[in-house]
>>> print(open('work-v3.txt').read())   # compact mmCIF, C-alpha atoms
# COMPACT_ATOMS: atom_id res chain seq x y z
CA MET A 1162 115.14 65.72 101.20
CA LYS A 1163 112.16 68.08 101.19
CA PHE A 1164 113.83 70.93 99.39
CA GLN A 1165 114.94 70.44 95.79
CA LYS A 1166 115.97 72.67 92.94
CA GLY A 1167 115.90 72.11 89.23
CA HIS A 1168 114.93 73.74 85.96
CA ILE A 1169 111.37 73.41 84.77
CA THR A 1170 108.95 74.96 82.35
CA MET A 1171 105.99 76.24 84.33
CA ASP A 1172 103.73 79.16 83.51
CA ASN A 1173 102.36 79.69 86.99
CA LEU A 1174 104.14 81.09 90.01
CA TYR A 1175 103.45 77.87 91.89
CA GLU A 1176 101.55 74.63 91.62
CA ILE A 1177 100.03 72.71 94.48
CA ILE A 1178 98.97 69.12 94.91
CA PHE A 1179 96.61 68.58 97.82
CA ILE A 1180 96.36 65.50 99.99
CA ASP A 1181 93.20 64.48 98.14
CA GLY A 1182 95.11 64.48 94.85
CA THR A 1183 93.54 67.61 93.39
CA LYS A 1184 95.69 70.44 92.06
CA PHE A 1185 95.73 74.23 92.21
CA CYS A 1186 97.76 76.59 90.05
CA GLY A 1187 98.91 79.93 91.38
CA GLY A 1188 98.91 83.13 89.36
CA ASN A 1189 101.83 85.49 89.00
CA LEU A 1190 103.70 87.97 91.17
CA GLN A 1191 101.09 90.68 90.58
CA ASP A 1192 98.20 88.37 91.40
CA THR A 1193 99.39 85.32 93.27
CA LYS A 1194 95.94 83.81 93.95
CA TRP A 1195 97.32 82.59 97.29
CA MET A 1196 94.15 83.55 99.12
CA GLN A 1197 91.99 81.92 96.47
CA MET A 1198 93.49 78.53 97.19
CA PRO A 1199 90.95 75.91 98.36
CA ASP A 1200 91.01 75.26 102.09
CA LYS A 1201 92.60 71.81 101.84
CA SER A 1202 95.80 70.27 103.17
CA ILE A 1203 98.80 70.72 100.90
CA LYS A 1204 100.82 67.63 100.02
CA LYS A 1205 103.34 69.29 97.72
CA LEU A 1206 104.12 72.82 96.52
CA THR A 1207 106.29 73.53 93.49
CA TYR A 1208 107.50 77.13 93.26
CA ARG A 1209 108.96 78.82 90.22
CA LEU A 1210 111.83 81.23 90.77
CA PRO A 1211 112.40 84.15 88.36
CA SER A 1212 115.66 82.47 87.32
CA GLY A 1213 113.70 79.53 85.96
CA GLU A 1214 114.65 77.18 88.76
CA LYS A 1215 112.01 75.44 90.82
CA ILE A 1216 111.72 74.61 94.47
CA ASP A 1217 109.81 71.50 95.48
CA CYS A 1218 108.42 71.58 99.00
CA GLU A 1219 106.77 68.49 100.42
CA GLY A 1220 105.94 67.22 103.86
CA TYR A 1221 105.78 70.54 105.70
CA ASN A 1222 103.23 71.46 108.36
CA ALA A 1223 102.31 74.81 106.82
CA TYR A 1224 103.09 77.17 103.95
CA TYR A 1225 103.03 80.94 103.48
CA HIS A 1226 103.67 83.19 100.51
CA PHE A 1227 103.63 86.94 100.02
CA VAL A 1228 105.04 89.66 97.79
CA GLU A 1229 106.69 92.89 98.95
CA VAL A 1230 106.38 96.00 96.79
CA CYS A 1231 107.20 99.69 96.94
CA GLN A 1232 105.04 102.50 95.67
CA ASP A 1233 106.94 105.77 95.41
CA ILE A 1234 104.59 108.59 96.39
CA MET A 1235 107.09 111.38 95.86
CA ASN A 1236 109.64 111.37 93.02
CA GLY A 1237 111.35 108.15 91.91
CA ASN A 1238 109.07 105.77 90.07
CA GLN A 1239 105.81 107.49 90.87
CA GLY A 1240 102.90 105.68 89.30
CA LYS A 1241 104.57 102.28 89.23
CA VAL A 1242 104.33 99.52 91.80
CA GLN A 1243 107.86 98.15 92.08
CA LEU A 1244 108.22 94.47 92.92
CA GLU A 1245 110.90 94.12 95.59
CA TYR A 1246 110.82 90.64 97.16
CA ALA A 1247 108.79 87.46 97.18
CA TYR A 1248 108.78 85.24 100.25
CA LEU A 1249 107.98 81.55 100.38
CA ILE A 1250 107.89 80.13 103.88
CA THR A 1251 107.61 76.51 104.92
CA LYS A 1252 107.03 75.45 108.51
CA ASP A 1253 108.22 72.21 110.05
CA GLY A 1254 107.43 72.14 113.76
CA PRO A 1255 108.74 75.40 115.21
CA MET A 1256 111.26 75.92 112.43
CA CYS A 1257 110.41 78.10 109.48
CA GLU A 1258 112.44 78.07 106.30
CA VAL A 1259 112.19 81.35 104.40
CA ILE A 1260 113.07 81.64 100.73
CA LYS A 1261 113.52 85.38 100.10
CA VAL A 1262 113.64 86.17 96.39
CA ASN A 1263 115.05 89.54 95.34
CA LEU A 1264 112.86 90.48 92.41
CA ARG A 1265 115.31 93.13 91.20
CA THR A 1266 118.27 90.78 90.93
CA ASN A 1267 116.39 87.46 90.68
CA LYS A 1268 118.71 86.05 93.34
CA PHE A 1269 117.39 84.37 96.44
CA GLU A 1270 118.54 83.56 99.91
CA GLN A 1271 117.47 80.90 102.38
CA ILE A 1272 116.85 81.89 105.98
CA VAL A 1273 115.85 79.66 108.89
CA LEU A 1274 113.80 81.27 111.65
CA ASP A 1275 112.00 80.07 114.72
CA GLU A 1276 108.25 80.55 114.78
CA SER A 1277 108.73 82.84 117.78
CA SER A 1278 110.85 85.29 115.77
CA ASP A 1279 109.36 88.75 115.19
CA PHE A 1280 109.31 88.24 111.44
CA ILE A 1281 107.18 85.11 111.67
CA ARG A 1282 105.01 86.21 114.59
CA GLN A 1283 104.05 89.48 112.93
CA LEU A 1284 102.87 87.92 109.67
CA ASN A 1285 99.16 88.15 108.99
CA PRO A 1286 97.86 84.77 110.21
CA ILE A 1287 95.29 84.54 107.44
CA GLY A 1288 98.09 83.71 104.99
CA TRP A 1289 99.13 80.37 106.50
CA LYS A 1290 98.04 77.32 104.52
CA GLU A 1291 97.90 73.91 106.13
CA GLY A 1292 100.25 71.12 105.10
CA ILE A 1293 100.36 67.60 106.47
CA MET B 630 94.22 90.41 93.24
CA ALA B 631 97.13 92.30 94.69
CA THR B 632 96.24 94.76 97.40
CA THR B 633 96.04 98.24 95.93
CA LEU B 634 97.29 101.48 97.42
CA THR B 635 95.79 104.90 96.75
CA PHE B 636 97.58 108.00 97.99
CA LEU B 637 95.39 110.94 98.98
CA VAL B 638 95.94 114.33 100.59
CA ASN B 639 93.54 116.42 102.63
CA TYR B 640 92.85 119.87 101.23
CA VAL B 641 89.70 120.84 103.14
CA ASP B 642 89.63 119.81 106.80
CA SER B 643 92.45 117.82 108.41
CA THR B 644 90.27 116.81 111.36
CA VAL B 645 88.12 114.59 109.15
CA ALA B 646 88.91 111.03 108.05
CA TYR B 647 88.68 109.96 104.44
CA GLY B 648 86.00 107.43 105.29
CA THR B 649 83.87 110.17 106.83
CA THR B 650 84.21 112.79 104.10
CA PRO B 651 86.00 111.54 100.97
CA ALA B 652 85.38 114.89 99.28
CA ASP B 653 87.89 116.51 101.63
CA TYR B 654 90.66 114.55 99.94
CA ILE B 655 92.31 114.64 96.53
CA THR B 656 93.52 111.38 95.06
CA VAL B 657 97.09 111.93 93.94
CA ASP B 658 97.63 110.79 90.37
CA LEU B 659 101.09 109.37 90.85
CA THR B 660 101.83 109.46 87.15
CA ASP B 661 101.47 113.22 86.76
CA ASP B 662 100.94 114.91 90.14
CA TYR B 663 103.67 115.73 92.64
CA LEU B 664 104.32 117.37 95.99
CA VAL B 665 105.99 120.77 96.29
CA TRP B 666 107.70 121.64 99.58
CA THR B 667 108.24 125.39 99.67
CA ALA B 668 108.30 128.49 101.83
CA GLY B 669 105.70 129.89 99.47
CA ASP B 670 105.29 133.46 98.35
CA THR B 671 102.81 135.56 96.42
CA VAL B 672 103.33 133.39 93.35
CA VAL B 673 103.93 129.86 94.66
CA LYS B 674 100.88 129.31 96.80
CA ASP B 675 97.55 127.57 97.18
CA LEU B 676 95.26 127.66 94.13
CA MET B 677 97.73 128.59 91.39
CA THR B 678 96.24 128.74 87.91
CA ALA B 679 99.37 127.40 86.21
CA GLU B 680 102.10 124.89 87.03
CA PRO B 681 104.92 126.66 88.93
CA THR B 682 108.12 127.09 86.95
CA ALA B 683 111.57 126.14 88.19
CA GLY B 684 112.40 129.81 88.55
CA GLN B 685 109.32 130.49 90.61
CA LEU B 686 110.09 127.54 92.85
CA ASN B 687 113.65 128.76 93.37
CA THR B 688 112.40 132.19 94.35
CA ALA B 689 110.01 130.65 96.85
CA ALA B 690 112.56 128.26 98.34
CA THR B 691 113.02 127.99 102.09
CA VAL B 692 115.92 129.99 103.53
CA ILE B 693 118.19 128.28 106.07
CA SER B 694 118.14 130.11 109.40
CA ASP B 695 121.38 130.91 111.25
CA SER B 696 119.76 130.47 114.62
CA ALA B 697 116.82 128.10 114.54
CA ASP B 698 115.62 124.92 112.88
CA THR B 699 113.26 125.74 110.03
CA THR B 700 110.19 123.70 109.19
CA ILE B 701 109.29 124.05 105.54
CA ALA B 702 106.11 126.06 105.73
CA LEU B 703 104.03 124.73 102.91
CA CYS B 704 103.36 121.49 101.09
CA LEU B 705 101.40 121.85 97.88
CA LEU B 706 99.91 119.19 95.70
CA MET B 707 100.68 120.02 92.08
CA ASP B 708 97.54 118.66 90.44
CA TYR B 709 98.35 118.20 86.78
CA SER B 710 94.74 117.58 85.78
CA HIS B 711 93.70 120.78 87.65
CA ASN B 712 90.12 119.66 87.89
CA VAL B 713 89.40 119.76 91.62
CA GLY B 714 87.42 122.68 93.01
CA GLY B 715 88.06 124.76 89.90
CA ALA B 716 90.88 124.91 87.38
CA TYR B 717 93.65 125.09 89.99
CA TYR B 718 97.04 123.47 89.64
CA THR B 719 98.05 123.69 93.28
CA HIS B 720 96.28 122.83 96.50
CA LYS B 721 97.66 123.41 99.97
CA ILE B 722 97.83 120.20 101.98
CA LEU B 723 96.10 121.15 105.18
CA GLY B 724 97.58 120.27 108.55
CA MET B 725 101.07 119.43 107.26
CA GLY B 726 103.46 119.64 110.22
CA GLU B 727 100.68 120.66 112.58
CA ASN B 728 98.89 118.84 115.37
CA LYS B 729 96.57 117.19 112.86
CA ALA B 730 95.85 113.55 112.13
CA TYR B 731 94.16 113.39 108.75
CA VAL B 732 96.71 114.91 106.41
CA PHE B 733 98.41 112.27 104.24
CA CYS B 734 96.21 109.22 103.63
CA PHE B 735 97.27 105.80 102.36
CA ASN B 736 94.18 103.86 101.41
CA PHE B 737 94.77 100.13 101.10
CA GLY B 738 92.30 98.05 99.16
CA GLY B 739 92.79 94.78 101.03
CA ALA B 740 94.82 92.69 103.42
CA THR B 741 98.59 92.84 103.83
CA ALA B 742 101.03 90.24 105.13
CA THR B 743 103.05 92.80 107.11
CA ILE B 744 102.54 96.31 108.48
CA PRO B 745 102.88 98.95 105.72
CA GLN B 746 105.71 101.39 106.25
CA LEU B 747 106.76 104.84 105.09
CA GLU B 748 110.37 105.20 103.95
CA ALA B 749 112.66 107.82 102.42
CA TRP B 750 115.53 107.13 100.01
CA ASP B 751 117.87 108.91 97.62
CA THR B 752 116.36 107.26 94.54
CA SER B 753 113.85 104.65 93.43
CA ALA B 754 116.57 102.02 93.83
CA HIS B 755 115.75 102.27 97.56
CA SER B 756 119.32 101.48 98.47
CA THR B 757 121.04 104.68 99.70
CA GLN B 758 120.34 107.69 101.96
CA ALA B 759 123.33 109.93 101.29
CA LYS B 760 121.54 113.17 100.47
CA HIS B 761 121.68 116.04 102.92
CA VAL B 762 117.91 116.00 103.36
CA LEU B 763 118.16 112.38 104.49
CA GLY B 764 120.91 113.05 107.02
CA ALA B 765 123.87 112.36 104.71
CA ASN B 766 124.14 108.70 105.71
CA ILE B 767 123.17 109.35 109.31
CA PRO B 768 119.48 108.39 109.18
CA ALA B 769 118.74 109.77 112.64
CA ASN B 770 119.68 113.19 111.26
CA SER B 771 117.16 113.05 108.42
CA TRP B 772 115.23 116.28 107.96
CA VAL B 773 112.18 114.29 106.93
CA LYS B 774 110.03 113.70 110.00
CA ALA B 775 106.93 111.55 110.00
CA VAL B 776 104.40 110.46 112.59
CA LYS B 777 101.72 107.77 112.45
CA THR B 778 98.25 109.23 112.90
CA THR B 779 96.21 106.21 111.84
CA GLY B 780 92.97 106.04 113.80
CA GLY B 781 92.94 109.77 114.41
CA SER B 782 95.63 109.97 117.08
CA LEU B 783 96.92 113.53 117.25
CA PRO B 784 100.70 113.84 117.09
CA GLY B 785 100.85 116.74 119.57
CA THR B 786 102.05 120.27 119.14
CA SER B 787 105.57 120.56 117.79
CA TRP B 788 105.64 116.79 117.32
CA PRO B 789 109.20 115.48 116.84
CA GLY B 790 108.23 112.49 114.68
CA THR B 791 110.52 109.78 113.40
CA ALA B 792 113.45 110.86 111.24
CA ILE B 793 112.96 108.65 108.21
CA ALA B 794 115.81 107.59 105.93
CA GLY B 795 116.90 104.23 104.59
CA ALA B 796 115.93 100.75 105.69
CA ALA B 797 116.32 101.12 109.44
CA ASN B 798 114.63 104.46 110.02
CA TYR B 799 111.10 104.02 108.74
CA LEU B 800 107.63 104.73 110.04
CA ALA B 801 105.18 101.87 110.59
CA LEU B 802 101.81 103.18 109.48
CA ASP B 803 99.75 100.98 111.79
CA THR B 804 100.17 98.78 114.84
CA ALA B 805 99.09 95.56 113.12
CA VAL B 806 98.82 93.98 109.72
CA LEU B 807 95.77 94.79 107.66
CA SER B 808 93.19 92.04 107.56
CA THR B 809 90.92 94.01 105.27
CA ALA B 810 90.81 97.29 103.40
CA LYS B 811 91.81 100.25 105.56
CA ALA B 812 92.90 103.88 105.33
CA LEU B 813 96.15 104.64 107.15
CA TYR B 814 97.40 108.13 107.95
CA ALA B 815 100.59 110.02 108.66
CA ASN B 816 101.73 113.56 109.06
CA ILE B 817 105.02 114.48 107.41
CA LYS B 818 107.21 117.56 107.66
CA ILE B 819 110.71 118.64 106.63
CA VAL B 820 112.84 120.40 109.23
CA ILE B 821 116.10 122.04 108.11
CA PRO B 822 118.71 122.24 110.90
CA ALA B 823 119.83 125.69 111.99
CA ALA B 824 122.90 127.04 110.21
CA TYR B 825 123.16 123.98 107.97
CA ALA B 826 126.25 124.55 105.89
CA THR B 827 125.19 123.10 102.55
CA PRO B 828 122.24 124.70 100.80
CA ALA B 829 120.87 122.52 98.02
CA ALA B 830 117.89 121.60 95.92
CA GLU B 831 117.61 117.87 96.42
CA THR B 832 115.17 115.42 94.96
CA PHE B 833 114.54 112.47 97.21
CA VAL B 834 112.04 109.65 97.22
CA ILE B 835 109.29 108.90 99.69
CA THR B 836 107.93 105.42 99.27
CA ILE B 837 105.37 103.11 100.84
CA ARG B 838 106.60 99.56 101.34
CA TYR B 839 103.79 97.05 101.71
CA THR B 840 102.98 93.44 101.06
CA PHE B 841 100.14 91.37 99.72
CA LEU B 842 99.20 87.71 99.84
>>> encode(input="work-v3.txt", output="C-alpha cells")
Amino acid sequence: MKFQKGHITMDNLYEIIFIDGTKFCGGNLQDTKWMQMPDKSIKKLTYRLPSGEKIDCEGYNAYYHFVEVCQDIMNGNQGKVQLEYAYLITKDGPMCEVIKVNLRTNKFEQIVLDESSDFIRQLNPIGWKEGI
Amino acid sequence: MATTLTFLVNYVDSTVAYGTTPADYITVDLTDDYLVWTAGDTVVKDLMTAEPTAGQLNTAATVISDSADTTIALCLLMDYSHNVGGAYYTHKILGMGENKAYVFCFNFGGATATIPQLEAWDTSAHSTQAKHVLGANIPANSWVKAVKTTGGSLPGTSWPGTAIAGAANYLALDTAVLSTAKALYANIKIVIPAAYATPAAETFVITIRYTFL
C-alpha cells in the first residue's frame, strides 16, 4: 500500500526522504518551498493535511504539488490572497493520483487521472519532482 | 516564495505595455482602492478632487436603453491615496471597452502551475453567479465581457469578449503557464442588455485565480 493516512504532529507542509537518505522539509501553504527542493530522487513524501491527517506516498515515479489561490481585484476580499485548494499529485506509470484539498473546508478528494488528461498535460513541467 | 500578483491599470496610453513604460500605469492598492463603473457626468469623472459619494454615483449611473445594448461608458480607479499625478481621487482607465490591449494589467512575480484566469462571482465565496449583472445563473448572459490581450493582441472594434460568470465561464489570461515573471493583460467592459427589466445597483466580485509551486 503506497497511500496511507494517519494523525501526526508535523510543523511543515510536507517532509521528504530522498533515495540517498537525506531529508527536506517543506514550508507552508503560503511558501511551500517546492521549487527549493534539491534535485534528487524522492523515496518517500509525507504530506500534512489541514485536518491533521497525513498522507504517506512512497514508490511513485514522480511528484507534483501546487497551491491555488484567488485574489479579488474588485469587491469581495480585496487585498487578501484567498487560499482555495492545494494539490498533491503522484505519478505511477501513466496514472496520476491527485489529492485535491479544499482549503476552505479542509476536506479533500482523491482523483485518478491519466497523464494524457488536460489537467495533467497543462501543468507547468518545471514542478515535477523525480521519484524512483 | 509564493508567486505574487500586482493589479495595475493604464491611465496614460493604452497602446503601451507596462514593461515599456511603467509610469503609464497605477498600481491598484487592493486594500483601499476600487473600480467605479459609471456613465459619468460633470461630477463623477476623471480627476476628481474628492471621493465620490453614494448620491453622486447614483446620479451618474448608467441608464438602461429601451432599444440598444448599453456599454457602461467609464471605468474609474478610485485612488484612495490620491497621490498620482496630483491630488486626484479618480483616474479614468484608458482604453476600457475599446480596441486597446494594454488596459488592465496583471503582473505576476514568478512561475505558475496553471494558466491564470479571470473570473466573476456574486461574492468572495466564489460559489454563485445569481446576480443580474452575471446573467442571473445563466453565465453566457453575463454582462461582464472580457478579452485576453496579453502580448499586445488587439481585441478588435466592438469586440464581443467572453461573458464571464462562475466557474465555467472564465477568461484564460495567457495561452500557457508562466515559467517566469510576466505581465498579462485583459480588456473588460460591462454591457447592459437593451430593455433589461430589472434595474439594480449590484456589487459583484472580479477575481484572479492563479497557482504557485
>>> interface_residues(input="work-v3.txt", of="chain A", to="chain B", cutoff="12 Å", atoms="only C-alpha atoms", output="PyMOL selection string")
chain A and resi 1187-1198+1224-1249+1265-1266+1279-1290
>>> write_last_selection(input="work-v3.txt", atoms="C-alpha atoms", output="CSV table (one decimal), in the frame of the given file")
chain,number,residue,atom,x,y,z
A,1187,GLY,CA,98.9,79.9,91.4
A,1188,GLY,CA,98.9,83.1,89.4
A,1189,ASN,CA,101.8,85.5,89.0
A,1190,LEU,CA,103.7,88.0,91.2
A,1191,GLN,CA,101.1,90.7,90.6
A,1192,ASP,CA,98.2,88.4,91.4
A,1193,THR,CA,99.4,85.3,93.3
A,1194,LYS,CA,95.9,83.8,94.0
A,1195,TRP,CA,97.3,82.6,97.3
A,1196,MET,CA,94.2,83.6,99.1
A,1197,GLN,CA,92.0,81.9,96.5
A,1198,MET,CA,93.5,78.5,97.2
A,1224,TYR,CA,103.1,77.2,104.0
A,1225,TYR,CA,103.0,80.9,103.5
A,1226,HIS,CA,103.7,83.2,100.5
A,1227,PHE,CA,103.6,86.9,100.0
A,1228,VAL,CA,105.0,89.7,97.8
A,1229,GLU,CA,106.7,92.9,99.0
A,1230,VAL,CA,106.4,96.0,96.8
A,1231,CYS,CA,107.2,99.7,96.9
A,1232,GLN,CA,105.0,102.5,95.7
A,1233,ASP,CA,106.9,105.8,95.4
A,1234,ILE,CA,104.6,108.6,96.4
A,1235,MET,CA,107.1,111.4,95.9
A,1236,ASN,CA,109.6,111.4,93.0
A,1237,GLY,CA,111.4,108.2,91.9
A,1238,ASN,CA,109.1,105.8,90.1
A,1239,GLN,CA,105.8,107.5,90.9
A,1240,GLY,CA,102.9,105.7,89.3
A,1241,LYS,CA,104.6,102.3,89.2
A,1242,VAL,CA,104.3,99.5,91.8
A,1243,GLN,CA,107.9,98.2,92.1
A,1244,LEU,CA,108.2,94.5,92.9
A,1245,GLU,CA,110.9,94.1,95.6
A,1246,TYR,CA,110.8,90.6,97.2
A,1247,ALA,CA,108.8,87.5,97.2
A,1248,TYR,CA,108.8,85.2,100.2
A,1249,LEU,CA,108.0,81.6,100.4
A,1265,ARG,CA,115.3,93.1,91.2
A,1266,THR,CA,118.3,90.8,90.9
A,1279,ASP,CA,109.4,88.8,115.2
A,1280,PHE,CA,109.3,88.2,111.4
A,1281,ILE,CA,107.2,85.1,111.7
A,1282,ARG,CA,105.0,86.2,114.6
A,1283,GLN,CA,104.0,89.5,112.9
A,1284,LEU,CA,102.9,87.9,109.7
A,1285,ASN,CA,99.2,88.2,109.0
A,1286,PRO,CA,97.9,84.8,110.2
A,1287,ILE,CA,95.3,84.5,107.4
A,1288,GLY,CA,98.1,83.7,105.0
A,1289,TRP,CA,99.1,80.4,106.5
A,1290,LYS,CA,98.0,77.3,104.5
>>> closest_residue(input="work-v3.txt", among="A:Val1262, A:Met1171, A:Ile1293, A:Val1273", to="Cys1218 in chain A", atoms="all atoms listed in the file")
A:Ile1293
>>> residues_near_point(input="work-v3.txt", point="(105.2, 73.3, 91.0)", cutoff="7 Å", atoms="only C-alpha atoms", output="JSON, numbers by chain")
{"A": [1175, 1176, 1177, 1206, 1207, 1208, 1209, 1217]}
>>> atom_distance(input="work-v3.txt", atom1="CA of Leu783 in chain B", atom2="CA of Asn798 in chain B")
21.2 Å
>>> residues_around(input="work-v3.txt", residues="Gln1271 in chain A", least_positions_apart="5", cutoff="7 Å", atoms="all atoms listed in the file", output="list in words")
Glu1258, Val1259, Ile1260 and Lys1261 of chain A
>>> closest_residue(input="work-v3.txt", among="A:Gly1292, A:Cys1257, A:Glu1214, A:Thr1251", to="Ile1178 in chain A", atoms="only C-alpha atoms")
A:Gly1292
>>> residues_around(input="work-v3.txt", residues="Ala810 in chain B", least_positions_apart="5", cutoff="8 Å", atoms="only C-alpha atoms", output="PDB file with C-alpha atoms, in the coordinates of the input")
ATOM      1  CA  ASN B 736      94.180 103.860 101.410  1.00  0.00           C
ATOM      2  CA  PHE B 737      94.770 100.130 101.100  1.00  0.00           C
ATOM      3  CA  GLY B 738      92.300  98.050  99.160  1.00  0.00           C
ATOM      4  CA  GLY B 739      92.790  94.780 101.030  1.00  0.00           C
ATOM      5  CA  ALA B 740      94.820  92.690 103.420  1.00  0.00           C
TER       6      ALA B 740
END
>>> atom_distance(input="work-v3.txt", atom1="CA of Pro1255 in chain A", atom2="CA of Thr1183 in chain A")
27.7 Å
>>> atom_distance(input="work-v3.txt", atom1="CA of Leu686 in chain B", atom2="CA of Ala668 in chain B")
9.2 Å
